[in-house]
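Student: My file is run_30.txt. It has compact mmCIF, C-alpha atoms and all ligand atoms:
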```txt
# COMPACT_ATOMS: atom_id res chain seq x y z
CA MET A 1 17.38 19.63 -35.56
CA LYS A 2 15.88 16.31 -36.55
CA LYS A 3 12.29 15.87 -35.39
CA GLY A 4 13.09 12.62 -33.54
CA VAL A 5 15.94 14.25 -31.57
CA PHE A 6 13.76 17.22 -30.77
CA ILE A 7 10.99 14.97 -29.44
CA SER A 8 13.50 12.97 -27.36
CA LEU A 9 14.79 16.21 -25.86
CA ILE A 10 11.27 17.27 -25.00
CA ILE A 11 10.66 13.90 -23.35
CA LEU A 12 13.94 14.15 -21.38
CA PHE A 13 13.54 17.71 -20.18
CA VAL A 14 9.81 18.04 -19.79
CA PHE A 15 9.03 14.62 -18.33
CA PRO A 16 12.17 13.52 -16.46
CA VAL A 17 10.09 12.83 -13.38
CA LEU A 18 7.60 10.61 -15.20
CA LEU A 19 10.44 8.52 -16.59
CA HIS A 20 11.45 7.44 -13.09
CA ALA A 21 8.09 7.15 -11.35
CA GLY A 22 6.64 3.70 -10.92
CA VAL A 23 7.23 0.35 -9.29
CA GLU A 24 10.71 -0.26 -10.77
CA GLY A 25 13.51 0.06 -8.23
CA THR A 26 11.18 0.53 -5.26
CA LYS A 27 10.46 -1.74 -2.32
CA HIS A 28 7.46 -3.06 -4.24
CA ASP A 29 9.71 -4.26 -7.02
CA LEU A 30 10.42 -7.84 -5.93
CA THR A 31 12.50 -8.59 -9.03
CA PRO A 32 16.31 -8.18 -8.83
CA THR A 33 16.06 -4.44 -9.70
CA GLY A 34 14.02 -3.68 -6.56
CA SER A 35 15.19 -2.29 -3.20
CA SER A 36 13.21 -4.37 -0.71
CA ASN A 37 14.84 -6.91 1.56
CA PHE A 38 13.24 -9.59 -0.63
CA SER A 39 13.97 -8.27 -4.11
CA GLY A 40 15.48 -10.93 -6.38
CA ASN A 41 14.74 -13.79 -3.95
CA PHE A 42 12.03 -15.46 -5.99
CA THR A 43 12.24 -17.87 -8.88
CA ASP A 44 9.64 -19.27 -11.25
CA PRO A 45 8.82 -22.99 -11.55
CA ASN A 46 11.82 -23.42 -13.89
CA GLY A 47 14.18 -21.97 -11.32
CA SER A 48 14.73 -18.72 -13.26
CA PRO A 49 14.49 -15.39 -11.42
CA ILE A 50 11.04 -13.78 -11.72
CA LEU A 51 11.56 -10.64 -13.81
CA ASN A 52 7.88 -9.56 -14.06
CA ARG A 53 7.40 -7.05 -11.29
CA CYS A 54 3.60 -6.73 -11.56
CA VAL A 55 3.01 -10.45 -11.04
CA PHE A 56 3.47 -10.40 -7.27
CA CYS A 57 0.23 -8.43 -7.09
CA HIS A 58 -1.64 -8.69 -10.42
CA THR A 59 -2.25 -11.33 -13.04
CA PRO A 60 -3.84 -10.82 -16.45
CA HIS A 61 -5.56 -14.23 -16.22
CA ALA A 62 -6.67 -16.64 -13.52
CA GLY A 63 -6.65 -14.19 -10.64
CA GLY A 64 -9.09 -14.21 -7.73
CA THR A 65 -12.69 -13.93 -8.97
CA THR A 66 -13.86 -11.56 -6.24
CA ILE A 67 -10.62 -9.76 -5.47
CA TYR A 68 -9.85 -6.65 -7.44
CA PRO A 69 -7.88 -5.25 -9.22
CA LEU A 70 -6.96 -8.58 -10.91
CA TRP A 71 -5.39 -9.60 -7.63
CA ASN A 72 -2.92 -12.50 -7.79
CA LYS A 73 -3.06 -13.51 -4.13
CA ASN A 74 -5.47 -14.87 -1.55
CA LEU A 75 -6.66 -12.44 1.08
CA PRO A 76 -5.17 -13.19 4.50
CA THR A 77 -7.31 -15.28 6.83
CA GLY A 78 -6.35 -13.93 10.29
CA THR A 79 -8.78 -12.35 12.76
CA TYR A 80 -8.46 -8.57 12.91
CA THR A 81 -8.20 -6.31 15.93
CA MET A 82 -9.18 -2.88 14.62
CA TYR A 83 -8.53 0.65 15.91
CA SER A 84 -11.01 1.84 18.51
CA SER A 85 -11.35 5.03 20.55
CA ALA A 86 -13.94 6.92 22.56
CA THR A 87 -13.64 10.04 20.41
CA ILE A 88 -13.93 8.61 16.92
CA ASP A 89 -17.16 9.56 15.17
CA ALA A 90 -17.16 7.05 12.32
CA THR A 91 -18.04 3.39 12.88
CA ILE A 92 -15.07 1.12 12.33
CA PRO A 93 -15.93 -2.28 10.83
CA SER A 94 -14.71 -5.49 12.49
CA GLU A 95 -12.30 -6.16 9.65
CA PRO A 96 -10.84 -4.09 6.79
CA ASN A 97 -12.52 -3.78 3.42
CA ASP A 98 -10.92 -5.79 0.61
CA ARG A 99 -9.18 -2.62 -0.72
CA SER A 100 -7.03 -2.66 2.41
CA LYS A 101 -6.96 -6.43 2.90
CA ILE A 102 -5.08 -6.71 -0.39
CA CYS A 103 -2.21 -4.81 1.27
CA MET A 104 -2.43 -7.16 4.23
CA SER A 105 -1.93 -10.09 1.82
CA CYS A 106 1.77 -9.21 2.29
CA HIS A 107 1.82 -6.72 5.18
CA ASP A 108 0.11 -8.96 7.78
CA GLY A 109 3.59 -10.32 8.48
CA ILE A 110 3.13 -14.00 7.65
CA SER A 111 1.59 -14.20 4.19
CA ALA A 112 4.35 -15.46 1.89
CA LEU A 113 5.26 -12.88 -0.75
CA ASN A 114 5.85 -15.54 -3.42
CA VAL A 115 2.56 -17.41 -3.03
CA ILE A 116 0.54 -16.23 -6.03
CA PHE A 117 -2.27 -17.70 -8.13
CA ASN A 118 -0.57 -17.43 -11.50
CA ALA A 119 3.16 -17.18 -12.07
CA PRO A 120 4.61 -15.66 -15.23
CA GLY A 121 4.87 -18.16 -18.08
CA PRO A 122 2.71 -21.19 -18.81
CA GLY A 123 1.24 -23.47 -16.18
CA THR A 124 0.67 -22.98 -12.48
CA TYR A 125 2.96 -21.87 -9.72
CA THR A 126 4.56 -23.54 -6.76
CA PRO A 127 6.43 -21.34 -4.31
CA GLN A 128 10.12 -21.96 -4.87
CA VAL A 129 11.33 -20.80 -1.47
CA PRO A 130 9.69 -22.84 1.30
CA VAL A 131 7.19 -20.89 3.43
CA GLY A 132 9.01 -19.64 6.51
CA PHE A 133 12.34 -19.07 4.82
CA TYR A 134 12.81 -15.43 3.91
CA ASP A 135 9.54 -15.03 2.11
CA GLN A 136 7.45 -13.28 4.79
CA ILE A 137 7.73 -9.66 5.91
CA SER A 138 8.23 -10.93 9.48
CA ASP A 139 11.43 -12.70 8.40
CA VAL A 140 13.29 -9.37 8.33
CA TYR A 141 15.04 -7.83 11.30
CA TYR A 142 14.06 -4.17 11.31
CA PRO A 143 16.76 -2.15 13.13
CA GLY A 144 15.42 -0.84 16.41
CA SER A 145 12.64 -3.38 16.64
CA PRO A 146 12.16 -4.89 20.09
CA PHE A 147 11.65 -8.26 18.40
CA ALA A 148 12.95 -9.45 15.08
CA TRP A 149 9.59 -9.51 13.30
CA TYR A 150 8.13 -6.38 14.78
CA PRO A 151 7.07 -3.93 13.30
CA GLY A 152 8.82 -2.17 10.28
CA ALA A 153 6.76 -3.11 7.24
CA ASN A 154 4.99 -5.71 9.41
CA ILE A 155 1.84 -3.59 9.82
CA GLY A 156 -0.32 -6.55 10.98
CA GLU A 157 2.30 -7.68 13.51
CA MET A 158 1.89 -11.34 12.79
CA GLY A 159 5.00 -13.49 13.10
CA PRO A 160 6.31 -16.76 14.42
CA TRP A 161 4.59 -16.32 17.79
CA ASN A 162 1.38 -14.74 16.56
CA THR A 163 -0.18 -16.50 13.61
CA SER A 164 -3.85 -15.75 14.24
CA THR A 165 -4.50 -12.07 15.00
CA VAL A 166 -3.79 -9.18 12.65
CA TYR A 167 -3.21 -6.16 14.89
CA LEU A 168 -4.42 -2.94 13.30
CA ASN A 169 -5.32 -1.31 16.63
CA ASN A 170 -2.04 0.65 16.73
CA ASP A 171 -2.44 1.92 13.16
CA HIS A 172 -4.40 4.84 11.68
CA PRO A 173 -8.04 3.70 11.40
CA ILE A 174 -9.07 2.31 8.01
CA SER A 175 -12.20 1.12 6.22
CA MET A 176 -14.52 3.54 8.09
CA ASN A 177 -16.65 6.14 6.32
CA TYR A 178 -15.22 9.65 5.97
CA ARG A 179 -17.73 11.36 8.29
CA SER A 180 -16.84 15.03 7.79
CA ASP A 181 -20.50 15.69 8.61
CA LEU A 182 -19.96 14.38 12.16
CA ASP A 183 -16.30 15.36 12.66
CA THR A 184 -16.20 18.99 11.57
CA ASN A 185 -12.40 19.05 11.78
CA LEU A 186 -12.32 16.90 8.64
CA ARG A 187 -12.04 18.70 5.29
CA PRO A 188 -15.24 18.11 3.28
CA PRO A 189 -14.72 15.61 0.44
CA THR A 190 -15.34 16.20 -3.28
CA THR A 191 -17.25 13.65 -5.34
CA VAL A 192 -16.59 13.45 -9.08
CA GLY A 193 -18.77 10.84 -10.79
CA SER A 194 -18.57 7.63 -8.74
CA ARG A 195 -15.32 8.56 -6.95
CA THR A 196 -14.68 10.75 -3.94
CA TRP A 197 -11.49 12.63 -3.08
CA VAL A 198 -10.17 14.86 -0.33
CA ILE A 199 -8.53 17.74 -2.16
CA ASN A 200 -6.26 20.49 -0.89
CA GLY A 201 -4.57 22.39 -3.71
CA SER A 202 -2.48 19.94 -5.71
CA ILE A 203 -2.86 17.14 -3.16
CA GLN A 204 -5.67 14.73 -3.98
CA LEU A 205 -6.33 11.75 -1.71
CA PRO A 206 -8.76 9.08 -2.90
CA LEU A 207 -11.57 7.67 -0.80
CA TYR A 208 -13.12 4.35 -1.82
CA GLY A 209 -16.53 3.02 -2.81
CA PRO A 210 -19.15 1.82 -3.21
CA GLY A 211 -20.46 4.85 -1.26
CA THR A 212 -19.60 8.41 -2.22
CA GLY A 213 -19.20 11.63 -0.21
CA THR A 214 -19.32 11.00 3.54
CA SER A 215 -20.15 7.32 2.80
CA ALA A 216 -16.85 6.78 0.98
CA THR A 217 -14.14 5.03 3.01
CA VAL A 218 -10.53 5.68 4.05
CA GLU A 219 -8.26 2.79 3.03
CA CYS A 220 -4.50 2.17 3.04
CA SER A 221 -4.42 3.57 -0.49
CA SER A 222 -5.96 6.89 0.62
CA CYS A 223 -2.50 7.79 1.99
CA HIS A 224 -0.30 5.39 0.03
CA ASP A 225 0.27 4.99 -3.69
CA VAL A 226 1.37 1.41 -4.06
CA HIS A 227 2.92 2.10 -7.50
CA ASP A 228 4.94 5.02 -6.20
CA THR A 229 3.95 7.61 -8.80
CA ALA A 230 4.27 10.71 -6.58
CA THR A 231 7.60 12.53 -6.54
CA TYR A 232 8.91 14.66 -3.70
CA SER A 233 12.24 15.19 -2.01
CA GLY A 234 13.38 12.74 0.64
CA LYS A 235 11.43 9.86 -0.87
CA GLY A 236 13.09 6.56 -0.01
CA SER A 237 15.57 8.18 2.39
CA THR A 238 13.93 10.43 5.01
CA GLU A 239 10.40 9.52 3.96
CA VAL A 240 8.92 6.16 3.09
CA TYR A 241 8.20 5.26 -0.49
CA PHE A 242 4.59 5.10 -1.53
CA LEU A 243 3.15 8.18 0.19
CA ARG A 244 0.76 10.15 -2.00
CA THR A 245 2.56 13.32 -0.98
CA SER A 246 5.47 14.26 1.25
CA ASN A 247 4.40 14.52 4.88
CA VAL A 248 6.73 17.44 5.65
CA GLY A 249 4.72 19.92 7.72
CA SER A 250 2.25 17.07 8.18
CA GLN A 251 0.67 18.09 4.89
CA LEU A 252 -0.59 14.57 4.26
CA CYS A 253 -2.42 14.50 7.61
CA ARG A 254 -3.65 18.06 7.17
CA THR A 255 -5.22 17.33 3.82
CA CYS A 256 -7.97 15.56 5.80
CA HIS A 257 -7.58 16.89 9.36
CA LEU A 258 -8.02 20.64 9.64
CA PHE A 259 -5.59 21.12 12.54
C1 LIG B 1 2.87 -4.45 -4.40
C2 LIG B 1 1.67 -4.71 -5.14
C3 LIG B 1 1.51 -4.13 -6.52
C4 LIG B 1 2.39 -4.18 -7.57
C5 LIG B 1 3.79 -4.77 -7.59
C6 LIG B 1 1.72 -3.58 -8.68
N1 LIG B 1 0.47 -3.18 -8.31
FE1 LIG B 1 -0.98 -2.36 -9.52
N2 LIG B 1 -2.21 -2.14 -7.93
C7 LIG B 1 -1.93 -2.52 -6.65
C8 LIG B 1 -2.99 -2.08 -5.77
C9 LIG B 1 -3.05 -2.29 -4.28
C10 LIG B 1 -3.92 -1.40 -6.58
C11 LIG B 1 -5.19 -0.69 -6.13
C12 LIG B 1 -4.84 0.76 -5.85
C13 LIG B 1 -5.97 1.52 -5.24
O1 LIG B 1 -6.69 0.93 -4.44
O2 LIG B 1 -6.12 2.71 -5.56
C14 LIG B 1 -3.42 -1.48 -7.94
C15 LIG B 1 -4.09 -0.96 -9.05
C16 LIG B 1 -3.65 -1.11 -10.34
C17 LIG B 1 -4.38 -0.67 -11.50
C18 LIG B 1 -5.72 0.01 -11.48
C19 LIG B 1 -5.42 1.48 -11.31
C20 LIG B 1 -6.61 2.34 -11.17
O3 LIG B 1 -6.43 3.43 -10.59
O4 LIG B 1 -7.70 1.97 -11.56
C21 LIG B 1 -3.60 -0.95 -12.58
C22 LIG B 1 -3.93 -0.67 -14.02
C23 LIG B 1 -2.36 -1.55 -12.09
N3 LIG B 1 -2.44 -1.64 -10.73
C24 LIG B 1 -1.31 -1.96 -12.88
C25 LIG B 1 -0.06 -2.39 -12.40
C26 LIG B 1 1.08 -2.69 -13.25
C27 LIG B 1 1.11 -2.55 -14.76
C28 LIG B 1 2.08 -3.11 -12.43
C29 LIG B 1 3.50 -3.52 -12.77
C30 LIG B 1 4.31 -2.47 -13.41
C31 LIG B 1 1.56 -3.07 -11.07
N4 LIG B 1 0.26 -2.62 -11.11
C32 LIG B 1 2.27 -3.47 -9.96
C33 LIG B 1 -0.81 -3.23 -6.25
C34 LIG B 1 0.31 -3.48 -7.00
C1 LIG B 2 -3.88 8.17 7.25
C2 LIG B 2 -2.81 7.86 6.37
C3 LIG B 2 -2.31 6.44 6.32
C4 LIG B 2 -3.07 5.29 6.21
C5 LIG B 2 -4.58 5.16 6.13
C6 LIG B 2 -2.12 4.21 6.16
N1 LIG B 2 -0.83 4.68 6.24
FE1 LIG B 2 0.86 3.60 6.13
N2 LIG B 2 1.97 5.25 6.53
C7 LIG B 2 1.48 6.54 6.57
C8 LIG B 2 2.57 7.45 6.79
C9 LIG B 2 2.47 8.96 6.92
C10 LIG B 2 3.75 6.66 6.90
C11 LIG B 2 5.18 7.13 7.17
C12 LIG B 2 5.45 6.99 8.64
C13 LIG B 2 6.86 7.38 9.01
O1 LIG B 2 7.51 8.12 8.26
O2 LIG B 2 7.28 6.94 10.08
C14 LIG B 2 3.33 5.29 6.71
C15 LIG B 2 4.19 4.19 6.75
C16 LIG B 2 3.84 2.91 6.36
C17 LIG B 2 4.75 1.79 6.23
C18 LIG B 2 6.25 1.83 6.53
C19 LIG B 2 6.44 1.63 8.01
C20 LIG B 2 7.91 1.65 8.41
O3 LIG B 2 8.17 2.11 9.53
O4 LIG B 2 8.77 1.21 7.65
C21 LIG B 2 4.02 0.73 5.79
C22 LIG B 2 4.54 -0.66 5.50
C23 LIG B 2 2.64 1.17 5.68
N3 LIG B 2 2.56 2.48 6.03
C24 LIG B 2 1.60 0.36 5.25
C25 LIG B 2 0.27 0.70 5.39
C26 LIG B 2 -0.84 -0.24 5.25
C27 LIG B 2 -0.70 -1.69 4.88
C28 LIG B 2 -1.98 0.46 5.50
C29 LIG B 2 -3.40 -0.07 5.59
C30 LIG B 2 -3.58 -1.16 6.56
C31 LIG B 2 -1.60 1.84 5.79
N4 LIG B 2 -0.23 1.94 5.72
C32 LIG B 2 -2.49 2.87 6.05
C33 LIG B 2 0.16 6.91 6.42
C34 LIG B 2 -0.91 6.03 6.35
C1 LIG B 3 3.33 -8.52 -2.93
C2 LIG B 3 3.48 -8.11 -1.56
C3 LIG B 3 3.07 -6.71 -1.17
C4 LIG B 3 1.84 -6.12 -1.29
C5 LIG B 3 0.57 -6.72 -1.85
C6 LIG B 3 1.96 -4.80 -0.72
N1 LIG B 3 3.23 -4.60 -0.27
FE1 LIG B 3 3.96 -2.94 0.60
N2 LIG B 3 5.81 -3.80 0.80
C7 LIG B 3 6.12 -5.09 0.40
C8 LIG B 3 7.50 -5.35 0.68
C9 LIG B 3 8.23 -6.66 0.40
C10 LIG B 3 8.03 -4.19 1.27
C11 LIG B 3 9.47 -3.96 1.75
C12 LIG B 3 9.74 -4.73 3.03
C13 LIG B 3 11.22 -4.82 3.33
O1 LIG B 3 12.07 -4.46 2.52
O2 LIG B 3 11.55 -5.27 4.45
C14 LIG B 3 6.94 -3.22 1.32
C15 LIG B 3 7.06 -1.95 1.82
C16 LIG B 3 6.00 -1.06 1.91
C17 LIG B 3 6.09 0.25 2.49
C18 LIG B 3 7.33 0.88 3.14
C19 LIG B 3 8.12 1.62 2.14
C20 LIG B 3 9.39 2.23 2.73
O3 LIG B 3 9.90 3.18 2.15
O4 LIG B 3 9.88 1.74 3.78
C21 LIG B 3 4.85 0.83 2.40
C22 LIG B 3 4.47 2.22 2.84
C23 LIG B 3 3.98 -0.14 1.79
N3 LIG B 3 4.71 -1.27 1.49
C24 LIG B 3 2.63 0.05 1.59
C25 LIG B 3 1.78 -0.87 0.97
C26 LIG B 3 0.37 -0.64 0.75
C27 LIG B 3 -0.39 0.59 1.21
C28 LIG B 3 -0.12 -1.73 0.10
C29 LIG B 3 -1.51 -1.94 -0.44
C30 LIG B 3 -2.06 -0.84 -1.23
C31 LIG B 3 1.00 -2.65 -0.06
N4 LIG B 3 2.12 -2.08 0.47
C32 LIG B 3 0.91 -3.91 -0.65
C33 LIG B 3 5.26 -5.98 -0.19
C34 LIG B 3 3.94 -5.75 -0.52
C1 LIG B 4 -7.58 10.48 3.79
C2 LIG B 4 -7.93 11.29 4.94
C3 LIG B 4 -7.07 11.20 6.16
C4 LIG B 4 -5.71 11.39 6.24
C5 LIG B 4 -4.74 11.70 5.13
C6 LIG B 4 -5.38 11.27 7.64
N1 LIG B 4 -6.49 10.98 8.37
FE1 LIG B 4 -6.58 10.68 10.34
N2 LIG B 4 -8.51 10.17 10.22
C7 LIG B 4 -9.28 10.31 9.09
C8 LIG B 4 -10.65 9.98 9.41
C9 LIG B 4 -11.83 10.00 8.46
C10 LIG B 4 -10.66 9.61 10.77
C11 LIG B 4 -11.87 9.22 11.62
C12 LIG B 4 -12.42 10.52 12.21
C13 LIG B 4 -13.72 10.33 12.98
O1 LIG B 4 -14.67 9.72 12.42
O2 LIG B 4 -13.82 10.80 14.13
C14 LIG B 4 -9.30 9.76 11.25
C15 LIG B 4 -8.90 9.48 12.54
C16 LIG B 4 -7.67 9.85 13.05
C17 LIG B 4 -7.31 9.74 14.45
C18 LIG B 4 -8.16 9.11 15.54
C19 LIG B 4 -9.14 10.09 16.10
C20 LIG B 4 -9.92 9.53 17.27
O3 LIG B 4 -10.89 10.19 17.65
O4 LIG B 4 -9.58 8.45 17.81
C21 LIG B 4 -6.06 10.29 14.57
C22 LIG B 4 -5.27 10.47 15.85
C23 LIG B 4 -5.63 10.68 13.24
N3 LIG B 4 -6.64 10.38 12.36
C24 LIG B 4 -4.41 11.22 12.94
C25 LIG B 4 -3.92 11.36 11.65
C26 LIG B 4 -2.53 11.65 11.32
C27 LIG B 4 -1.43 11.89 12.35
C28 LIG B 4 -2.45 11.68 9.99
C29 LIG B 4 -1.21 11.85 9.12
C30 LIG B 4 -0.20 10.81 9.30
C31 LIG B 4 -3.77 11.41 9.47
N4 LIG B 4 -4.63 11.22 10.51
C32 LIG B 4 -4.10 11.40 8.13
C33 LIG B 4 -8.86 10.70 7.85
C34 LIG B 4 -7.55 10.93 7.50
```
Mind converting the file's structure to structure tokens?

Tutor:
Amino acid sequence: MKKGVFISLIILFVFPVLLHAGVEGTKHDLTPTGSSNFSGNFTDPNGSPILNRCVFCHTPHAGGTTIYPLWNKNLPTGTYTMYSSATIDATIPSEPNDRSKICMSCHDGISALNVIFNAPGPGTYTPQVPVGFYDQISDVYYPGSPFAWYPGANIGEMGPWNTSTVYLNNDHPISMNYRSDLDTNLRPPTTVGSRTWVINGSIQLPLYGPGTGTSATVECSSCHDVHDTATYSGKGSTEVYFLRTSNVGSQLCRTCHLF
């Protein structure tokens, strides 16, 4: 067998999963190959379809100077209503950390998906679809929703009749420290270098900095992998894309909560 064929076979049979993991084809692929309600809607300043699927979130140049990682959008400006409860041990900040706000720069409901700092190709970018016309997550009717814009992927629950408050009070708390020292039903975290994880067997959930250990924070990306690299059955049909692990048997929840 020729060496090249042999190597291709190894790649096909040993890494078939890796070949399909990633943004392409998912709901975060806003180019025509994606599966979101908005995929293929957006054109560049020349009127051609945008075919660069990273550009809706990242830019190699001219991104925000304080917004990481190379973020290509402004952070949303709304006022946040955060989760609160009498039994929570950690202190919840009055608004999310930037690591979660970057998700809200589309998931607040009203931030336009196609408003970015730097479009592909030379020059600057002007949104090609006017704001308010099928470019916001609240423009989609989610079957079963009591109102057209509410809630589905509209985590912040902003929409035509609420343009000022981002409601995160009906969502799992975020941006608080992981206080397994105070809440003993939380699995103790593991710090490796400057990063902290909650680890249970093969499941590894990241916590975020700058603190480590019980000072590290839970963010949207602790549960979600925005690039969709995890593989498990039911993904995209019975389970949402972008979970770090299947939640069958509540194994995602039980990685942190020892119930
Ligand atoms: C829908 C938005 C979105 C899209 C599209 C997207 N990313 Fe990301 N990317 C993120 C977010 C959010 C993070 C931060 C993840 C985290 O906090 O762990 C990130 C992080 C990264 C990082 C840093 C990873 C690390 O762990 O340090 C790289 C590199 C990256 N993205 C590359 C890409 C490339 C290449 C593409 C296109 C194929 C892409 N991204 C498409 C949202 C996106
Ligand atoms: C503690 C874990 C956890 C955190 C933190 C978390 N999520 Fe989720 N999220 C989930 C799980 C689990 C699901 C799947 C729920 C289901 O199947 O109904 C989900 C579902 C979603 C959905 C799909 C909702 C739908 O019904 O279509 C979106 C969008 C989403 N999350 C965005 C976010 C954003 C944005 C943040 C941060 C503000 C966040 N998530 C924080 C665990 C989490
Ligand atoms: C560039 C805009 C953008 C950013 C930034 C973004 N998303 Fe999304 N996300 C979308 C769109 C668009 C959809 C699909 C909505 C639809 O089809 O109605 C989606 C869908 C989702 C879903 C639901 C998937 C499903 O199977 O139903 C989850 C979960 C999610 N996003 C999590 C996140 C998290 C967590 C972050 C930040 C780490 C993030 N997103 C950042 C645009 C974005
Ligand atoms: C990455 C770790 C992590 C994951 C995964 C996780 N949680 Fe949490 N959760 C926390 C932390 C930390 C708190 C705050 C606990 C405290 O300080 O009292 C919390 C708080 C909560 C609370 C509020 C408790 C209160 O006293 O008000 C509930 C309910 C909850 N989580 C349920 C879930 C469910 C259901 C899932 C799975 C969908 C889940 N969690 C996944 C870390 C996590």

Student: From the list A:Gly40, A:Gly121, A:Pro151, A:Pro69, which residue is nearest ligand LIG 1 (chain B) when using only C-alpha atoms and all ligand atoms?

Tutor: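 Of A:Gly40, A:Gly121, A:Pro151, A:Pro69, the one nearest ligand LIG 1 (chain B), counting only C-alpha atoms and all ligand atoms, is A:Pro69.
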
Student: From the set A:Tyr150, A:Tyr80, A:Tyr142, A:Tyr232, which residue has the shortest atom-to-atom contact distance to Ser164 in chain A, counting all atoms listed in the file?

Tutor: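 For Ser164 in chain A, the nearest of the given residues is A:Tyr80.
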
Student: I'd like the interatomic distance between CA of Pro160 in chain A and atom N2 of ligand LIG 1 (chain B), to a tenth of an Å.

Tutor: 28.0 Å

Student: Expressed in Å to a single decimal, how great is the separation between CA of Arg99 in chain A and CA of Pro32 in chain A?

Tutor: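 CA of Arg99 in chain A sits 27.3 Å away from CA of Pro32 in chain A.
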
Student: If you measure from CA of Gly78 in chain A to CA of Ile155 in chain A, what distance in Å do you get, rounded to one decimal?

Tutor: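 These atoms are spaced 13.2 Å apart.
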
Student: Within 6 Å of ligand LIG 1 (chain B) (counting only C-alpha atoms and all ligand atoms), which residues show up? I'd like them as a short mmCIF file (atom, residue, chain, number, x, y, z; two decimals) with C-alpha atoms, in the frame of the given file.

Tutor:
```
data_model
loop_
_atom_site.label_atom_id
_atom_site.label_comp_id
_atom_site.auth_asym_id
_atom_site.auth_seq_id
_atom_site.Cartn_x
_atom_site.Cartn_y
_atom_site.Cartn_z
CA VAL A 23 7.23 0.35 -9.29
CA HIS A 28 7.46 -3.06 -4.24
CA ASP A 29 9.71 -4.26 -7.02
CA ARG A 53 7.40 -7.05 -11.29
CA CYS A 54 3.60 -6.73 -11.56
CA PHE A 56 3.47 -10.40 -7.27
CA CYS A 57 0.23 -8.43 -7.09
CA PRO A 69 -7.88 -5.25 -9.22
CA ARG A 99 -9.18 -2.62 -0.72
CA SER A 221 -4.42 3.57 -0.49
CA VAL A 226 1.37 1.41 -4.06
CA HIS A 227 2.92 2.10 -7.50
#
```

Student: Find the residue from A:Tyr178, A:Phe117, A:Tyr241, A:Tyr141 that sits nearest to Gly211 in chain A; use only C-alpha atoms when measuring.

Tutor: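 That would be A:Tyr178, the residue with the smallest distance to Gly211 in chain A.
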
Student: Show me which residues line ligand LIG 3 (chain B), defined as having an atom within 7 Å of a ligand atom where all atoms listed in the file count, and present them as an MDAnalysis selection string.

Tutor: chainID A and resid 27:28 30 35:38 56:57 100 102:107 113 137 140 153 220:221 224:226 236 239:243

Student: Hey, what's within 8 Å of Met158 in chain A if we count all atoms listed in the file and toss same-chain stuff fewer than 3 positions away? As a list in words, please?

Tutor: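 Residues near the query, excluding close chain neighbours: Asp108, Gly109, Ile110, Ser138, Trp149, Asn154, Trp161, Asn162, Thr163, Ser164, Thr165, Val166 and Tyr167 of chain A.
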
Student: A:Thr229, A:Gly209, A:Thr81, A:Thr190: which is nearest ligand LIG 2 (chain B), counting all atoms listed in the file?

Tutor: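 Result for the nearest residue to ligand LIG 2 (chain B): A:Thr81.
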
Student: Go through chain A residue by residue and, counting only C-alpha atoms and all ligand atoms, keep those with an atom at most 8 Å from ligand LIG 4 (chain B); for each kept residue give the shortest atom pair and its distance in Å to one decimal, ordered by chain and increasing number, as a tab-separated table.

Tutor:
```
residue	atom	partner	partner_atom	distance
A:Ser84	CA	B:LIG4	O4	6.8
A:Ser85	CA	B:LIG4	O4	4.7
A:Ala86	CA	B:LIG4	O4	6.6
A:Thr87	CA	B:LIG4	O3	3.9
A:Ile88	CA	B:LIG4	O3	3.5
A:Asp89	CA	B:LIG4	O2	3.7
A:Ala90	CA	B:LIG4	O1	3.7
A:Thr91	CA	B:LIG4	O1	7.2
A:His172	CA	B:LIG4	N3	6.0
A:Pro173	CA	B:LIG4	C15	6.0
A:Ile174	CA	B:LIG4	C8	8.0
A:Met176	CA	B:LIG4	C9	7.0
A:Asn177	CA	B:LIG4	C9	6.5
A:Tyr178	CA	B:LIG4	C9	4.2
A:Arg179	CA	B:LIG4	O1	5.4
A:Ser180	CA	B:LIG4	C9	7.1
A:Leu182	CA	B:LIG4	O1	7.1
A:Asp183	CA	B:LIG4	O2	5.4
A:Leu186	CA	B:LIG4	C9	6.9
A:Val198	CA	B:LIG4	C1	6.5
A:Leu205	CA	B:LIG4	C1	5.8
A:Pro206	CA	B:LIG4	C1	6.9
A:Leu207	CA	B:LIG4	C1	6.7
A:Thr217	CA	B:LIG4	C9	7.7
A:Val218	CA	B:LIG4	C1	5.6
A:Glu219	CA	B:LIG4	C1	7.8
A:Ser222	CA	B:LIG4	C1	5.1
A:Cys223	CA	B:LIG4	C5	5.5
A:Asn247	CA	B:LIG4	C30	7.4
A:Ser250	CA	B:LIG4	C29	6.3
A:Gln251	CA	B:LIG4	C29	7.8
A:Leu252	CA	B:LIG4	C5	5.1
A:Cys253	CA	B:LIG4	C29	3.3
A:Arg254	CA	B:LIG4	C32	6.7
A:Thr255	CA	B:LIG4	C5	5.8
A:Cys256	CA	B:LIG4	C2	4.4
A:His257	CA	B:LIG4	N1	6.1
```

Student: Of the residues A:Asn52, A:Thr245, A:Ser233, A:Asn72, which is the one nearest to Gln204 in chain A, using all atoms listed in the file?

Tutor: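 The closest residue to Gln204 in chain A is A:Thr245.
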
Student: Need to verify the contact set: Pro49 in chain A, 9 Å, only C-alpha atoms, exclusion of same-chain residues closer than 3 positions in sequence. Can you return it as a list in words?

Tutor: Thr31, Pro32, Gly40, Asn41, Phe42, Thr43, Asp44 and Asn46 of chain A

Student: As an MDAnalysis selection string, please: the residues near Pro189 in chain A (cut-off 8 Å, all atoms listed in the file, same-chain neighbours under 5 positions excluded).

Tutor: chainID A and resid 180 196:199 213:214
